[in-house]
>>> print(open('start.csv').read())   # CSV, C-alpha atoms
chain,number,residue,atom,x,y,z
A,27,MET,CA,0.0,0.0,0.0
A,28,LYS,CA,1.7,3.2,-1.2
A,29,TYR,CA,-0.8,5.7,0.3
A,30,LYS,CA,-3.3,6.2,3.0
A,31,ILE,CA,-6.1,8.8,3.3
A,32,VAL,CA,-7.0,9.9,6.8
A,33,ILE,CA,-10.0,12.3,7.5
A,34,ASP,CA,-11.5,13.4,10.7
A,35,SER,CA,-15.1,12.2,11.1
A,36,CYS,CA,-16.6,15.6,10.1
A,37,GLY,CA,-15.9,14.3,6.6
A,38,GLU,CA,-18.1,11.5,5.1
A,39,LEU,CA,-16.9,8.6,3.0
A,40,PRO,CA,-18.9,7.2,0.1
A,41,PHE,CA,-20.1,3.7,0.7
A,42,GLN,CA,-17.5,2.1,-1.6
A,43,TYR,CA,-14.6,3.5,0.5
A,44,GLN,CA,-15.9,2.7,4.0
A,45,ASN,CA,-14.2,-0.7,4.3
A,46,ASP,CA,-11.2,0.3,2.1
A,47,ILE,CA,-7.9,-0.1,4.1
A,48,ARG,CA,-6.6,2.9,2.3
A,49,PHE,CA,-9.1,5.2,4.1
A,50,GLU,CA,-9.6,5.9,7.8
A,51,ARG,CA,-11.9,8.2,9.6
A,52,VAL,CA,-10.6,9.5,12.9
A,53,PRO,CA,-13.7,10.0,15.1
A,54,LEU,CA,-14.6,13.2,16.9
A,55,GLY,CA,-16.7,13.0,20.0
A,56,LEU,CA,-20.2,14.4,20.5
A,57,GLU,CA,-22.0,15.2,23.8
A,58,VAL,CA,-25.7,15.5,24.4
A,59,GLU,CA,-27.1,15.9,27.9
A,60,GLY,CA,-23.8,14.6,29.3
A,61,GLU,CA,-23.8,11.5,27.1
A,62,VAL,CA,-20.7,11.0,25.0
A,63,ILE,CA,-21.4,9.6,21.5
A,64,MET,CA,-18.4,8.8,19.3
A,65,ASP,CA,-18.7,9.7,15.6
A,66,ASP,CA,-17.6,6.3,14.4
A,67,GLU,CA,-19.0,3.4,12.4
A,68,ASN,CA,-21.6,2.8,15.1
A,69,PHE,CA,-23.1,6.3,14.9
A,70,ASP,CA,-26.9,6.3,14.5
A,71,GLN,CA,-28.0,9.5,12.9
A,72,ILE,CA,-31.7,9.2,13.6
A,73,ASP,CA,-31.2,8.3,17.2
A,74,PHE,CA,-28.8,11.2,17.6
A,75,LEU,CA,-31.2,13.7,16.1
A,76,LYS,CA,-33.9,12.5,18.4
A,77,LYS,CA,-31.7,13.0,21.4
A,78,VAL,CA,-30.7,16.5,20.2
A,79,ALA,CA,-34.4,17.5,19.6
A,80,ALA,CA,-35.3,16.2,23.1
A,81,SER,CA,-32.5,18.1,24.9
A,82,SER,CA,-32.7,21.5,26.4
A,83,LYS,CA,-29.0,21.9,26.1
A,84,CYS,CA,-26.9,22.6,23.0
A,85,PRO,CA,-24.9,19.6,21.9
A,86,LYS,CA,-21.1,19.9,21.7
A,87,SER,CA,-18.3,18.2,19.9
A,88,PHE,CA,-14.6,17.6,20.8
A,89,CYS,CA,-11.8,16.8,18.5
A,90,PRO,CA,-9.6,13.6,18.4
A,91,SER,CA,-6.5,13.5,20.5
A,92,PRO,CA,-3.1,13.8,18.9
A,93,GLU,CA,-2.4,10.3,20.0
A,94,ARG,CA,-5.4,9.0,18.1
A,95,PHE,CA,-4.2,10.8,15.0
A,96,MET,CA,-0.7,9.3,15.6
A,97,GLU,CA,-2.2,5.8,15.6
A,98,ALA,CA,-3.8,6.5,12.2
A,99,TYR,CA,-0.4,7.4,10.8
A,100,ARG,CA,1.0,3.9,11.8
A,101,THR,CA,0.7,2.2,8.5
A,102,GLU,CA,2.9,0.5,5.9
A,103,ALA,CA,1.9,3.2,3.4
A,104,GLU,CA,4.7,5.4,2.3
A,105,ASN,CA,2.6,8.5,2.0
A,106,VAL,CA,-0.2,9.6,4.4
A,107,PHE,CA,-2.6,12.4,3.5
A,108,VAL,CA,-4.7,13.9,6.3
A,109,PHE,CA,-7.8,16.1,5.9
A,110,THR,CA,-9.4,18.0,8.8
A,111,LEU,CA,-12.3,20.3,9.2
A,112,SER,CA,-11.4,24.0,9.1
A,113,SER,CA,-9.0,25.1,11.8
A,114,LYS,CA,-11.2,28.1,12.3
A,115,LEU,CA,-14.0,25.8,13.4
A,116,SER,CA,-12.2,23.1,15.4
A,117,GLY,CA,-9.0,22.0,17.0
A,118,SER,CA,-8.8,18.9,14.8
A,119,TYR,CA,-6.2,20.4,12.5
A,120,ASN,CA,-3.9,21.3,15.4
A,121,SER,CA,-4.4,17.8,16.9
A,122,ALA,CA,-3.5,16.2,13.6
A,123,GLU,CA,-0.3,18.3,13.4
A,124,LEU,CA,0.6,17.3,17.0
A,125,GLY,CA,0.0,13.7,16.1
A,126,LYS,CA,2.4,14.0,13.2
A,127,LYS,CA,5.1,15.5,15.6
A,128,LEU,CA,4.5,12.6,18.0
A,129,TYR,CA,4.7,10.0,15.2
A,130,LEU,CA,8.0,11.4,13.8
A,131,GLU,CA,9.6,11.6,17.3
A,132,LYS,CA,8.6,8.0,18.1
A,133,TYR,CA,8.8,6.2,14.8
A,134,GLY,CA,11.0,8.3,12.5
A,135,HIS,CA,10.5,9.7,9.0
A,136,LYS,CA,7.3,9.3,7.0
A,137,ASN,CA,5.7,11.5,4.4
A,138,ILE,CA,2.6,13.0,6.2
A,139,PHE,CA,0.7,15.8,4.7
A,140,ILE,CA,-1.8,17.6,7.0
A,141,CYS,CA,-4.4,19.6,5.0
A,142,ASP,CA,-6.6,22.1,6.7
A,143,SER,CA,-9.6,21.7,4.4
A,144,GLU,CA,-10.9,25.2,5.2
A,145,SER,CA,-14.2,23.5,4.9
A,146,ALA,CA,-16.1,20.6,6.6
A,147,SER,CA,-18.3,17.6,5.7
A,148,CYS,CA,-18.1,16.9,2.0
A,149,GLY,CA,-15.5,19.6,1.6
A,150,GLU,CA,-13.0,17.3,3.4
A,151,THR,CA,-14.2,14.4,1.3
A,152,ASN,CA,-13.9,16.2,-2.0
A,153,GLN,CA,-10.2,17.0,-1.3
A,154,ALA,CA,-9.5,13.5,0.2
A,155,LEU,CA,-10.9,11.7,-2.9
A,156,LEU,CA,-8.9,14.0,-5.2
A,157,ALA,CA,-5.7,13.0,-3.3
A,158,ALA,CA,-6.6,9.3,-3.7
A,159,LYS,CA,-7.2,9.8,-7.4
A,160,LEU,CA,-3.9,11.6,-7.9
A,161,CYS,CA,-2.1,8.8,-6.0
A,162,GLU,CA,-3.7,6.2,-8.2
A,163,GLU,CA,-2.4,8.1,-11.2
A,164,GLY,CA,1.1,7.8,-9.8
A,165,LEU,CA,1.9,11.4,-8.9
A,166,SER,CA,4.7,12.0,-6.4
A,167,PHE,CA,3.9,12.9,-2.8
A,168,GLU,CA,5.0,16.5,-3.4
A,169,GLU,CA,2.9,16.9,-6.5
A,170,VAL,CA,-0.2,15.5,-4.8
A,171,CYS,CA,0.3,17.9,-1.9
A,172,ARG,CA,0.6,20.8,-4.4
A,173,ARG,CA,-2.4,19.8,-6.5
A,174,VAL,CA,-4.6,19.2,-3.5
A,175,SER,CA,-3.7,22.5,-1.9
A,176,GLU,CA,-4.4,24.3,-5.2
A,177,TYR,CA,-7.8,22.6,-5.4
A,178,ARG,CA,-8.6,23.5,-1.8
A,179,ASP,CA,-7.8,27.1,-2.5
A,180,HIS,CA,-10.3,27.3,-5.4
A,181,MET,CA,-13.0,25.1,-3.9
A,182,HIS,CA,-16.2,26.7,-2.6
A,183,THR,CA,-18.5,25.5,0.3
A,184,TYR,CA,-22.1,26.4,0.6
A,185,PHE,CA,-24.9,25.4,3.0
A,186,VAL,CA,-28.5,26.1,3.9
A,187,LEU,CA,-29.8,24.9,7.3
A,188,ASP,CA,-33.3,24.8,8.8
A,189,ASN,CA,-31.7,25.7,12.1
A,190,LEU,CA,-28.6,27.7,12.8
A,191,GLU,CA,-28.8,27.5,16.6
A,192,THR,CA,-26.2,24.8,17.2
A,193,LEU,CA,-23.7,26.8,15.1
A,194,ARG,CA,-24.6,30.0,16.9
A,195,LYS,CA,-24.5,28.6,20.5
A,196,ASN,CA,-21.2,26.9,19.9
A,197,GLY,CA,-19.6,30.2,18.8
A,198,ARG,CA,-19.2,29.3,15.1
A,199,LEU,CA,-21.1,32.4,13.8
A,200,THR,CA,-19.2,35.0,15.8
A,201,GLY,CA,-17.8,36.7,12.7
A,202,ILE,CA,-21.1,37.2,11.0
A,203,LYS,CA,-22.6,40.7,11.7
A,204,ALA,CA,-25.1,40.9,8.9
A,205,LEU,CA,-27.0,37.7,9.8
A,206,VAL,CA,-30.7,38.4,9.8
A,207,ALA,CA,-33.1,35.6,10.6
A,208,SER,CA,-35.6,37.1,12.8
A,209,THR,CA,-38.3,34.7,11.8
A,210,LEU,CA,-38.3,31.0,11.1
A,211,SER,CA,-39.2,31.6,7.5
A,212,ILE,CA,-35.9,33.5,6.7
A,213,LYS,CA,-33.2,31.0,5.6
A,214,PRO,CA,-29.7,32.4,5.3
A,215,VAL,CA,-27.5,31.1,2.5
A,216,MET,CA,-24.1,30.4,4.0
A,217,GLY,CA,-20.6,29.8,2.7
A,218,SER,CA,-17.0,29.9,3.8
A,219,GLU,CA,-14.1,32.2,3.2
A,220,LYS,CA,-10.6,30.7,4.1
A,221,GLY,CA,-12.4,28.4,6.5
A,222,ALA,CA,-14.5,30.9,8.3
A,223,ILE,CA,-18.3,30.9,8.0
A,224,ILE,CA,-19.8,33.8,6.0
A,225,GLN,CA,-23.3,34.7,4.9
A,226,LEU,CA,-23.9,34.9,1.2
A,227,GLY,CA,-27.5,35.9,1.2
A,228,GLN,CA,-30.9,34.9,2.5
A,229,ALA,CA,-34.3,33.9,1.2
A,230,ILE,CA,-37.8,33.4,2.5
A,231,GLY,CA,-38.5,29.7,2.9
A,232,ILE,CA,-36.2,26.7,2.6
A,233,LYS,CA,-37.1,26.1,-1.1
A,234,LYS,CA,-36.0,29.6,-2.1
A,235,GLY,CA,-33.0,29.3,0.1
A,236,LEU,CA,-31.9,26.1,-1.6
A,237,ALA,CA,-32.5,27.7,-5.0
A,238,LYS,CA,-30.4,30.7,-4.1
A,239,MET,CA,-27.6,28.4,-3.0
A,240,ALA,CA,-27.8,26.4,-6.2
A,241,ALA,CA,-27.6,29.6,-8.2
A,242,ALA,CA,-24.5,30.7,-6.2
A,243,VAL,CA,-22.8,27.3,-6.8
A,244,ALA,CA,-23.4,27.6,-10.6
A,245,ALA,CA,-22.3,31.3,-10.7
A,246,ASP,CA,-19.0,30.6,-8.9
A,247,ALA,CA,-18.1,27.4,-10.8
A,248,VAL,CA,-14.9,27.4,-12.8
A,249,HIS,CA,-14.3,24.4,-15.0
A,250,PRO,CA,-17.0,22.4,-13.2
A,251,GLU,CA,-16.7,19.7,-15.8
A,252,GLU,CA,-13.3,18.8,-14.3
A,253,LYS,CA,-14.6,18.6,-10.7
A,254,THR,CA,-16.9,16.6,-8.5
A,255,LEU,CA,-20.0,18.2,-7.1
A,256,MET,CA,-20.5,16.8,-3.6
A,257,ILE,CA,-23.7,17.3,-1.6
A,258,THR,CA,-24.3,16.1,2.0
A,259,HIS,CA,-27.7,16.3,3.6
A,260,CYS,CA,-28.9,15.7,7.1
A,261,ASN,CA,-31.9,13.3,6.8
A,262,CYS,CA,-33.3,15.0,3.7
A,263,LEU,CA,-32.4,13.2,0.6
A,264,GLU,CA,-35.2,14.8,-1.5
A,265,ARG,CA,-33.8,18.3,-0.8
A,266,ALA,CA,-30.3,17.1,-1.8
A,267,GLU,CA,-31.6,15.6,-5.0
A,268,ALA,CA,-33.5,18.9,-5.7
A,269,VAL,CA,-30.3,20.9,-5.2
A,270,LYS,CA,-28.4,18.6,-7.5
A,271,ASP,CA,-31.0,19.0,-10.2
A,272,MET,CA,-31.1,22.8,-9.9
A,273,ILE,CA,-27.3,23.0,-10.2
A,274,LEU,CA,-27.1,20.5,-13.1
A,275,GLN,CA,-29.7,22.6,-15.0
A,276,LYS,CA,-27.1,25.4,-15.0
A,277,ILE,CA,-23.7,23.7,-15.3
A,278,SER,CA,-22.2,20.3,-16.1
A,279,CYS,CA,-20.0,18.6,-13.5
A,280,GLY,CA,-17.4,15.8,-13.9
A,281,ASP,CA,-19.1,13.7,-11.3
A,282,VAL,CA,-21.8,14.0,-8.6
A,283,VAL,CA,-21.8,12.4,-5.1
A,284,ILE,CA,-24.6,12.7,-2.6
A,285,MET,CA,-24.1,11.5,1.0
A,286,ASP,CA,-25.9,11.6,4.3
A,287,THR,CA,-24.1,13.5,7.1
A,288,ARG,CA,-22.4,11.6,9.8
A,289,GLY,CA,-22.1,12.7,13.5
A,290,VAL,CA,-20.4,16.1,13.6
A,291,SER,CA,-22.0,17.3,10.4
A,292,SER,CA,-25.4,16.1,11.6
A,293,MET,CA,-24.9,18.0,14.9
A,294,TYR,CA,-24.2,21.3,13.1
A,295,ALA,CA,-26.4,21.0,10.0
A,296,ASN,CA,-29.3,19.8,12.1
A,297,ASP,CA,-32.3,17.9,10.6
A,298,GLY,CA,-32.9,19.2,7.1
A,299,GLY,CA,-29.6,20.9,6.4
A,300,VAL,CA,-27.8,20.7,3.0
A,301,ILE,CA,-24.1,21.3,2.3
A,302,VAL,CA,-22.5,21.6,-1.1
A,303,THR,CA,-18.9,21.8,-2.3
A,304,LEU,CA,-17.5,22.3,-5.8
>>> encode(input="start.csv", output="structure tokens")
Amino acid sequence: MKYKIVIDSCGELPFQYQNDIRFERVPLGLEVEGEVIMDDENFDQIDFLKKVAASSKCPKSFCPSPERFMEAYRTEAENVFVFTLSSKLSGSYNSAELGKKLYLEKYGHKNIFICDSESASCGETNQALLAAKLCEEGLSFEEVCRRVSEYRDHMHTYFVLDNLETLRKNGRLTGIKALVASTLSIKPVMGSEKGAIIQLGQAIGIKKGLAKMAAAVAADAVHPEEKTLMITHCNCLERAEAVKDMILQKISCGDVVIMDTRGVSSMYANDGGVIVTL
């Protein structure tokens, strides 16, 4: 095995990669009403959403330890590529970097690339699968790092949520001054800028919000025929399919992947949230 892809569990893996030894998800932890739930292969999204809905307290997440990342780097693979959710949203990136330092001190040299995705959810996945594709094409470690970083710098992330309260209460919206959602009918269209959450616009009602997001995806797209459109949804496949159709009516993409959110993304997206990266 010449390479291994490691992502923290904010990123989802398509079904065909979930048992692939070249891929590993390092789980974050979730806490609801004092109960700790690991975002691993045993995570039950529906049960988790019920617990969140029944709780009067805001759920929280905590990042993997450096030691847990270090263990993920223990592999026969010559090259390890690591993708974390934005360092502006979580300590996962710093933990992955510390894990690399621990590994090198204990086991000696290995090519380990830690990529701050400057995104989350399918944004991590998008970059991770590109790295795997480039490795399969036989590119050098250095060239894969360069190409993935370049892709990351031009990738856009968008999302529309039914409920922003988990993000707000966990301090993830502190930089947004123009956020206006005084009634439940107003749905902000959100995005990211260098890993920080920003507001792109807003619409009345979820359908118009999703349509506005789809229009933004198409308007921002550069050479989409060479890229993968990735969509993750929290328990709302019909919405994700509708967003896909709206985007593909405007542009053509190299590939399309739709996935259900796992633990961390489910916690922040909440029931009904949709995330898009291109």
>>> atom_distance(input="start.csv", atom1="atom CA of A:Asn137", atom2="atom CA of A:Asn120")
17.6 Å
>>> residues_around(input="start.csv", residues="A:Phe107", least_positions_apart="5", cutoff="8 Å", atoms="all atoms listed in the file", output="list of chain:residue names")
A:Tyr29, A:Lys30, A:Ile31, A:Val32, A:Ile138, A:Phe139, A:Ile140, A:Cys141, A:Ala154, A:Ala157
>>> closest_residue(input="start.csv", among="A:Glu169, A:Glu150, A:Glu191, A:Glu67", to="A:Met256", atoms="only C-alpha atoms")
A:Glu150
>>> closest_residue(input="start.csv", among="A:Val108, A:Ile230, A:Leu124, A:Val269", to="A:Thr151", atoms="all atoms listed in the file")
A:Val108
>>> closest_residue(input="start.csv", among="A:Ser292, A:Ser87, A:Thr303, A:Ser121", to="A:Met181", atoms="all atoms listed in the file")
A:Thr303
>>> closest_residue(input="start.csv", among="A:Glu162, A:Glu251, A:Asp297, A:Asp286", to="A:Gly37", atoms="all atoms listed in the file")
A:Asp286
>>> residues_around(input="start.csv", residues="A:Val282", least_positions_apart="6", cutoff="10 Å", atoms="all atoms listed in the file", output="ChimeraX atom specification")
/A:253-257,270,274,304
>>> closest_residue(input="start.csv", among="A:Asp179, A:Asp188, A:Asp142, A:Glu104", to="A:Phe167", atoms="all atoms listed in the file")
A:Glu104
>>> atom_distance(input="start.csv", atom1="atom CA of A:Ile33", atom2="atom CA of A:Phe95")
9.6 Å
>>> atom_distance(input="start.csv", atom1="atom CA of A:Leu54", atom2="atom CA of A:Cys89")
4.8 Å
>>> closest_residue(input="start.csv", among="A:Ser118, A:Thr287, A:Gln44, A:Gln71", to="A:Phe88", atoms="all atoms listed in the file")
A:Ser118
>>> residues_around(input="start.csv", residues="A:Ala79", least_positions_apart="5", cutoff="12 Å", atoms="all atoms listed in the file", output="tab-separated table (two decimals) with C-alpha atoms, keeping the file's coordinate frame")
chain	number	residue	atom	x	y	z
A	58	VAL	CA	-25.70	15.50	24.40
A	59	GLU	CA	-27.10	15.90	27.90
A	72	ILE	CA	-31.70	9.20	13.60
A	73	ASP	CA	-31.20	8.30	17.20
A	74	PHE	CA	-28.80	11.20	17.60
A	84	CYS	CA	-26.90	22.60	23.00
A	85	PRO	CA	-24.90	19.60	21.90
A	189	ASN	CA	-31.70	25.70	12.10
A	191	GLU	CA	-28.80	27.50	16.60
A	192	THR	CA	-26.20	24.80	17.20
A	293	MET	CA	-24.90	18.00	14.90
A	296	ASN	CA	-29.30	19.80	12.10
A	297	ASP	CA	-32.30	17.90	10.60
